[in-house]
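*Asks:* So that we are looking at the same thing, I have put the structure below in structure tokens.
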Amino acid sequence: MTPSSNYHFFNYYYYSSFHHHHLLHSTIMNTTSYDLAPSVSAAGLLSFFCEIQKMEIFLAAAVFVVIHCLRQRKRHGLPSWPFVGMLPSLVLGLRGNMYEWISDVLKGQNGTFMFKGPWFTNLNCIVTSDPRNLEYLLKTKFPNFPKGEYFRATVRDLLGDGIFSADDEIWQRQRKTASLEFHSAKFRRMTTDSLLELVHARLLPVLEDSIEKSECIDLQDILLRLTFDNVCMIAFGVDPGCLRPGLPEIPFAAAFEAATEATIARFVMPTLVWRAMRWMGAGSEGRLREAIKGVDGFAEEVIRERRKEMAAEGAERRRRTDLLTVFMGMKEEDGRRAFSDKLLRDICVNFILAGRDTSSVALSWFFWLLGQNPEVEERILEEVCGIVRERNVEREEEEVVLRPEEVKKMDYLHAALSEALRLYPSVPVDHKEVLEDDKFPDGTVLKKGTKVVYAIYAMGRMEGIWGSDCREFKPERWLRDRRFMSESAYKFTAFNGGPRLCLGKDFAYYQMKFAAASILLRYRVVVVEGHPVVPKMALTMYMKYGLKVVLEKRDRNQLDKYLSFKAI
């Protein structure tokens, strides 16, 4: 039924109903009193039929509105209702897997659609998964697509003016300082040394303990503890000790987790609503307020102690290579501190958010995918063992400790991790704002102030980008002559792209490869049968119910066909 036919249907229904009731009115008025029951007057009966007429007109109008709104699904991807826009569809999407819901809408709209929120909110935005649009906003016209005031205001309580949310000069200063440090040999050595210690002194003993006790474990939780300890060493220069026997609860880690969960809730509710909740300290906003106190308390204590340490021992400062010490040592031309204590807190919290979740979340999905694709696990094990065998040792080693140069050779493992990130990116969606009127390469018109959401999760499920097998886990798609070949950052956007390309990308890959290879050499990871594995709506794509697994020790006979010595 076309819009024109809708219109004629409504007019026909209205006027035919009116004519019908006009005739009925004449009949009633001409009816003599003895034709009616004593208790019913002609006026009362007329009033009754008038009410029926109003109801029929209302129903006709309602049917017309419903048909009109539903017809917009084909053109706009979702039905748009009066006053509430597309909010009902969003609510339904949130009840299931929101990322799959977005992917389905984008697939039907050739990669881009406009979401219209309720008229009294600021939820309107352009959602895209088109690589051309991503290259345009992340690189070609980068200055015209900042994070924007909406994003900064939404995450400010947790992230402040850190690199993850900042724009312009504040972002540039942090980016430049961090970039120089990330590429220094001293910093790289510190990160690899701290990871080696954490894996062999903490991670492997905890995993071994679960085997001795015949217990299932939440591998996602353990990996989060590993990366949290690691990134805190890198950012703050302190070891919170999350990954220890007994898996103790660390107040700072718990507060950080609660704060990220509460912050994401702001993105799916009108700004006026969460600000009112914050003012009242109600619901998720009350939890966020308490969590921020825990995060701030920890950060402020570390900063205070570091300042005392640096003032007392200049030599100690030179030996430290963590980001906090580096940023604290920066001075303006007139000798003033380059970064206030508040900004130092923001910088470290941002790096913790980026460094903790990227690797641990990716590794969780990686091990789950291996459970579904045992042939991939076999090939990884063959590659890792083959590289270790090249050592040509003359005696048995007590324990295999992978070397940095060996980890770099693991191309198939690198491909498998990239494939896991393609299907389950640690940051499933990201956000920009339009500074001045513009237009995407696909023709989408962008008005000043428009929010743009690029759906990284959906990109991995687009046949137009990755082919008809886009939903399959195939590490081979990343290999050319058995060597890993990266894809465009605007096709594979797990680490962002353009000037905001993730500074820690290389370390994240090294961290994931080192941890994954160290585990797979020793254990087979078996997901508990029937355990539900679905993504959680958060800033990063956690598994909603964790990853419950049972570890099985590797059969030495299996490894012997790859290794010439038993050093596992």
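In the structure tokens, the first chain shown is A, the next is B, and so on; residue numbers restart at 1 for each chain, and ligands run from 1 in the order shown.
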If you take only C-alpha atoms and a cut-off of 10 Å, which residues of segment 330-423 of chain A touch segment 450-462 of chain A, and what are their nearest atom pairs and distances in Å to one decimal, in chain and number order, as CSV?

*Replies:*
residue,atom,partner,partner_atom,distance
A:Glu419,CA,A:Gly460,CA,9.2
A:Ala420,CA,A:Gly460,CA,9.9
A:Leu421,CA,A:Gly460,CA,8.8
A:Arg422,CA,A:Gly460,CA,5.3
A:Leu423,CA,A:Gly460,CA,5.3

*Asks:* Could the residues of segment 290-355 of chain A that have an atom at most 9 Å from segment 169-188 of chain A be listed as a tab-separated table, each with its closest atom pair and the distance in Å to one decimal, counting only C-alpha atoms and ordered by chain and ascending residue number?

*Replies:*
residue	atom	partner	partner_atom	distance
A:Thr321	CA	A:Phe187	CA	6.0
A:Asp322	CA	A:Phe187	CA	7.6
A:Leu323	CA	A:Ala178	CA	7.4
A:Val326	CA	A:Glu181	CA	8.0
A:Phe327	CA	A:Thr177	CA	7.5
A:Met330	CA	A:Thr177	CA	8.8
A:Ile347	CA	A:Gln174	CA	7.8

*Asks:* Expressed in Å to a single decimal, how great is the separation between atom CA of Asp104 of chain A and atom CA of Val429 of chain A?

*Replies:*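 We find that atom CA of Asp104 of chain A and atom CA of Val429 of chain A lie 14.7 Å from each other.
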
*Asks:* Identify, on the basis of only C-alpha atoms, every residue whose closest approach to Asp438 of chain A does not exceed 10 Å; exclude the query and any residue fewer than 2 positions from it along the same chain; express the result as number ranges by chain.

*Replies:* A: 141, 144-145, 434-436, 440-441, 443-448

*Asks:* Hey, what does DSSP flag as helix (DSSP H, G or I) within segment 150-328 of chain A? Can you give it to me as a ChimeraX atom specification?

*Replies:* /A:150-159,168-182,185-212,219-235,251-268,271-280,283-312,314-319,323-328

*Asks:* Based on the selection just made, write C-alpha atoms of those residues as a short mmCIF file (atom, residue, chain, number, x, y, z; two decimals), in the first residue's frame.

*Replies:*
data_model
loop_
_atom_site.label_atom_id
_atom_site.label_comp_id
_atom_site.auth_asym_id
_atom_site.auth_seq_id
_atom_site.Cartn_x
_atom_site.Cartn_y
_atom_site.Cartn_z
CA TYR A 150 28.30 15.06 24.06
CA PHE A 151 30.84 12.26 24.42
CA ARG A 152 33.10 14.24 26.75
CA ALA A 153 30.19 15.23 28.99
CA THR A 154 28.96 11.63 29.14
CA VAL A 155 32.31 10.10 30.18
CA ARG A 156 33.85 13.09 32.00
CA ASP A 157 33.22 11.81 35.54
CA LEU A 158 35.33 8.71 34.84
CA LEU A 159 37.76 9.72 32.09
CA ASP A 168 42.45 19.43 20.22
CA GLU A 169 45.48 20.70 22.14
CA ILE A 170 44.87 18.65 25.31
CA TRP A 171 44.74 15.45 23.25
CA GLN A 172 47.74 16.40 21.11
CA ARG A 173 50.02 17.04 24.11
CA GLN A 174 49.16 13.69 25.69
CA ARG A 175 49.46 11.85 22.39
CA LYS A 176 52.88 13.31 21.59
CA THR A 177 54.33 12.57 25.04
CA ALA A 178 52.92 9.03 25.16
CA SER A 179 54.01 8.27 21.59
CA LEU A 180 57.63 9.12 22.33
CA GLU A 181 57.60 6.91 25.39
CA PHE A 182 55.83 3.97 23.74
CA ALA A 185 63.59 0.86 23.89
CA LYS A 186 63.53 1.31 27.67
CA PHE A 187 59.73 1.36 27.78
CA ARG A 188 59.43 -1.69 25.51
CA ARG A 189 61.85 -3.61 27.72
CA MET A 190 59.89 -2.67 30.83
CA THR A 191 56.60 -3.84 29.35
CA THR A 192 57.93 -7.19 28.12
CA ASP A 193 59.78 -7.88 31.38
CA SER A 194 56.71 -7.12 33.51
CA LEU A 195 54.54 -9.34 31.29
CA LEU A 196 56.98 -12.24 31.53
CA GLU A 197 56.98 -12.02 35.32
CA LEU A 198 53.19 -11.83 35.52
CA VAL A 199 52.61 -14.81 33.22
CA HIS A 200 55.16 -17.16 34.78
CA ALA A 201 54.98 -16.07 38.43
CA ARG A 202 51.23 -15.41 38.62
CA LEU A 203 49.11 -16.60 35.68
CA LEU A 204 50.49 -20.11 35.16
CA PRO A 205 50.53 -20.98 38.91
CA VAL A 206 46.88 -19.86 39.22
CA LEU A 207 45.93 -22.01 36.22
CA GLU A 208 47.90 -24.97 37.60
CA ASP A 209 46.13 -24.58 40.94
CA SER A 210 42.73 -24.96 39.23
CA ILE A 211 43.87 -28.29 37.74
CA GLU A 212 45.12 -29.60 41.07
CA LEU A 219 39.07 -17.38 32.32
CA GLN A 220 37.82 -13.89 31.43
CA ASP A 221 38.19 -12.78 35.05
CA ILE A 222 41.71 -14.23 35.26
CA LEU A 223 42.78 -12.56 32.02
CA LEU A 224 41.31 -9.23 33.17
CA ARG A 225 43.36 -9.53 36.35
CA LEU A 226 46.48 -10.27 34.31
CA THR A 227 46.11 -7.26 32.02
CA PHE A 228 44.94 -5.01 34.86
CA ASP A 229 48.10 -5.73 36.88
CA ASN A 230 50.21 -5.31 33.75
CA VAL A 231 48.72 -1.98 32.66
CA CYS A 232 48.83 -0.58 36.21
CA MET A 233 52.57 -1.30 36.23
CA ILE A 234 52.88 0.51 32.91
CA ALA A 235 50.61 3.46 33.74
CA PRO A 251 39.09 -2.26 45.83
CA PHE A 252 40.55 -0.17 43.01
CA ALA A 253 39.86 -2.89 40.41
CA ALA A 254 36.29 -3.35 41.67
CA ALA A 255 35.68 0.42 41.66
CA PHE A 256 37.09 0.75 38.14
CA GLU A 257 34.86 -2.05 36.86
CA ALA A 258 31.74 -0.55 38.47
CA ALA A 259 32.56 2.90 37.08
CA THR A 260 32.87 1.67 33.48
CA GLU A 261 29.56 -0.23 33.72
CA ALA A 262 27.70 2.78 35.10
CA THR A 263 29.22 5.13 32.51
CA ILE A 264 27.99 3.10 29.53
CA ALA A 265 24.42 3.27 30.87
CA ARG A 266 24.45 7.01 30.12
CA PHE A 267 24.72 6.41 26.38
CA VAL A 268 21.32 4.68 26.15
CA THR A 271 20.99 13.26 29.02
CA LEU A 272 18.35 15.00 31.16
CA VAL A 273 17.46 11.67 32.75
CA TRP A 274 20.96 10.62 33.82
CA ARG A 275 21.80 14.14 34.97
CA ALA A 276 18.69 14.13 37.14
CA MET A 277 19.69 10.72 38.49
CA ARG A 278 23.20 12.05 39.19
CA TRP A 279 21.77 15.03 41.07
CA MET A 280 19.65 12.65 43.18
CA GLY A 283 20.34 4.08 40.43
CA SER A 284 23.43 3.65 38.25
CA GLU A 285 24.46 7.25 38.94
CA GLY A 286 24.64 6.56 42.67
CA ARG A 287 26.84 3.55 42.00
CA LEU A 288 29.00 5.61 39.66
CA ARG A 289 29.53 8.29 42.30
CA GLU A 290 30.77 5.74 44.82
CA ALA A 291 32.94 3.96 42.26
CA ILE A 292 34.59 7.23 41.18
CA LYS A 293 35.54 7.88 44.80
CA GLY A 294 37.40 4.56 44.84
CA VAL A 295 39.17 5.27 41.55
CA ASP A 296 40.12 8.81 42.57
CA GLY A 297 41.30 7.75 46.01
CA PHE A 298 43.71 5.20 44.56
CA ALA A 299 45.02 7.53 41.82
CA GLU A 300 45.48 10.49 44.17
CA GLU A 301 47.39 8.35 46.68
CA VAL A 302 49.75 7.01 43.99
CA ILE A 303 50.37 10.52 42.58
CA ARG A 304 51.02 11.95 46.05
CA GLU A 305 53.48 9.20 46.94
CA ARG A 306 55.24 9.48 43.58
CA ARG A 307 55.76 13.22 44.03
CA LYS A 308 57.36 12.59 47.43
CA GLU A 309 59.53 9.87 45.94
CA MET A 310 60.66 12.05 43.04
CA ALA A 311 61.47 14.96 45.34
CA ALA A 312 63.56 12.76 47.64
CA GLY A 314 66.11 12.01 41.73
CA ALA A 315 67.96 8.87 40.71
CA GLU A 316 64.92 6.72 41.39
CA ARG A 317 62.89 8.84 39.01
CA ARG A 318 65.37 8.22 36.24
CA ARG A 319 65.14 4.48 36.74
CA LEU A 323 53.75 6.75 32.17
CA LEU A 324 52.89 8.55 35.41
CA THR A 325 56.57 9.31 36.13
CA VAL A 326 57.16 10.41 32.53
CA PHE A 327 54.21 12.82 32.53
CA MET A 328 55.07 14.13 35.99
#

*Asks:* Taking the chain letters and numbering used in this document, name the residues of segment 112-315 of chain A that DSSP puts in strand (DSSP E or B), as a PDB file with N, CA, C and O atoms, in the first residue's frame.

*Replies:*
ATOM      1  N   THR A 112      24.725   2.222   6.316  1.00  0.00           N
ATOM      2  CA  THR A 112      24.536   3.498   7.024  1.00  0.00           C
ATOM      3  C   THR A 112      23.044   3.764   7.233  1.00  0.00           C
ATOM      4  O   THR A 112      22.248   3.543   6.320  1.00  0.00           O
ATOM      5  N   PHE A 113      22.675   4.212   8.418  1.00  0.00           N
ATOM      6  CA  PHE A 113      21.296   4.651   8.646  1.00  0.00           C
ATOM      7  C   PHE A 113      21.268   5.726   9.728  1.00  0.00           C
ATOM      8  O   PHE A 113      22.234   5.894  10.480  1.00  0.00           O
ATOM      9  N   MET A 114      20.161   6.458   9.785  1.00  0.00           N
ATOM     10  CA  MET A 114      20.001   7.497  10.796  1.00  0.00           C
ATOM     11  C   MET A 114      19.047   7.008  11.872  1.00  0.00           C
ATOM     12  O   MET A 114      17.918   6.613  11.575  1.00  0.00           O
ATOM     13  N   PHE A 115      19.522   7.017  13.114  1.00  0.00           N
ATOM     14  CA  PHE A 115      18.662   6.666  14.238  1.00  0.00           C
ATOM     15  C   PHE A 115      18.008   7.934  14.763  1.00  0.00           C
ATOM     16  O   PHE A 115      18.695   8.923  15.059  1.00  0.00           O
ATOM     17  N   CYS A 125      21.351  10.153  15.815  1.00  0.00           N
ATOM     18  CA  CYS A 125      22.729   9.950  15.371  1.00  0.00           C
ATOM     19  C   CYS A 125      22.753   9.208  14.037  1.00  0.00           C
ATOM     20  O   CYS A 125      21.779   8.557  13.646  1.00  0.00           O
ATOM     21  N   ILE A 126      23.874   9.344  13.339  1.00  0.00           N
ATOM     22  CA  ILE A 126      24.132   8.573  12.130  1.00  0.00           C
ATOM     23  C   ILE A 126      24.951   7.357  12.538  1.00  0.00           C
ATOM     24  O   ILE A 126      25.962   7.484  13.227  1.00  0.00           O
ATOM     25  N   VAL A 127      24.524   6.161  12.123  1.00  0.00           N
ATOM     26  CA  VAL A 127      25.251   4.924  12.417  1.00  0.00           C
ATOM     27  C   VAL A 127      25.797   4.381  11.104  1.00  0.00           C
ATOM     28  O   VAL A 127      25.049   4.245  10.128  1.00  0.00           O
ATOM     29  N   THR A 128      27.098   4.086  11.064  1.00  0.00           N
ATOM     30  CA  THR A 128      27.701   3.629   9.813  1.00  0.00           C
ATOM     31  C   THR A 128      28.691   2.498  10.043  1.00  0.00           C
ATOM     32  O   THR A 128      29.308   2.391  11.113  1.00  0.00           O
ATOM     33  N   ILE A 217      37.150 -22.524  36.113  1.00  0.00           N
ATOM     34  CA  ILE A 217      37.538 -21.145  36.401  1.00  0.00           C
ATOM     35  C   ILE A 217      36.878 -20.210  35.404  1.00  0.00           C
ATOM     36  O   ILE A 217      36.461 -20.624  34.315  1.00  0.00           O
ATOM     37  N   ASP A 218      36.776 -18.933  35.781  1.00  0.00           N
ATOM     38  CA  ASP A 218      36.309 -17.904  34.858  1.00  0.00           C
ATOM     39  C   ASP A 218      37.554 -17.320  34.191  1.00  0.00           C
ATOM     40  O   ASP A 218      38.250 -16.481  34.761  1.00  0.00           O
TER      41      ASP A 218
END

*Asks:* Between atom CA of Pro146 of chain A and atom CA of Ser486 of chain A, what is the distance, to one decimal in Å?

*Replies:*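 Between these atoms lies a distance of 26.3 Å.
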
*Asks:* Which value, in Å to one decimal, gives the distance between atom CA of Ala362 of chain A and atom CA of Arg389 of chain A?

*Replies:*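 Between atom CA of Ala362 of chain A and atom CA of Arg389 of chain A the gap works out to 27.7 Å.
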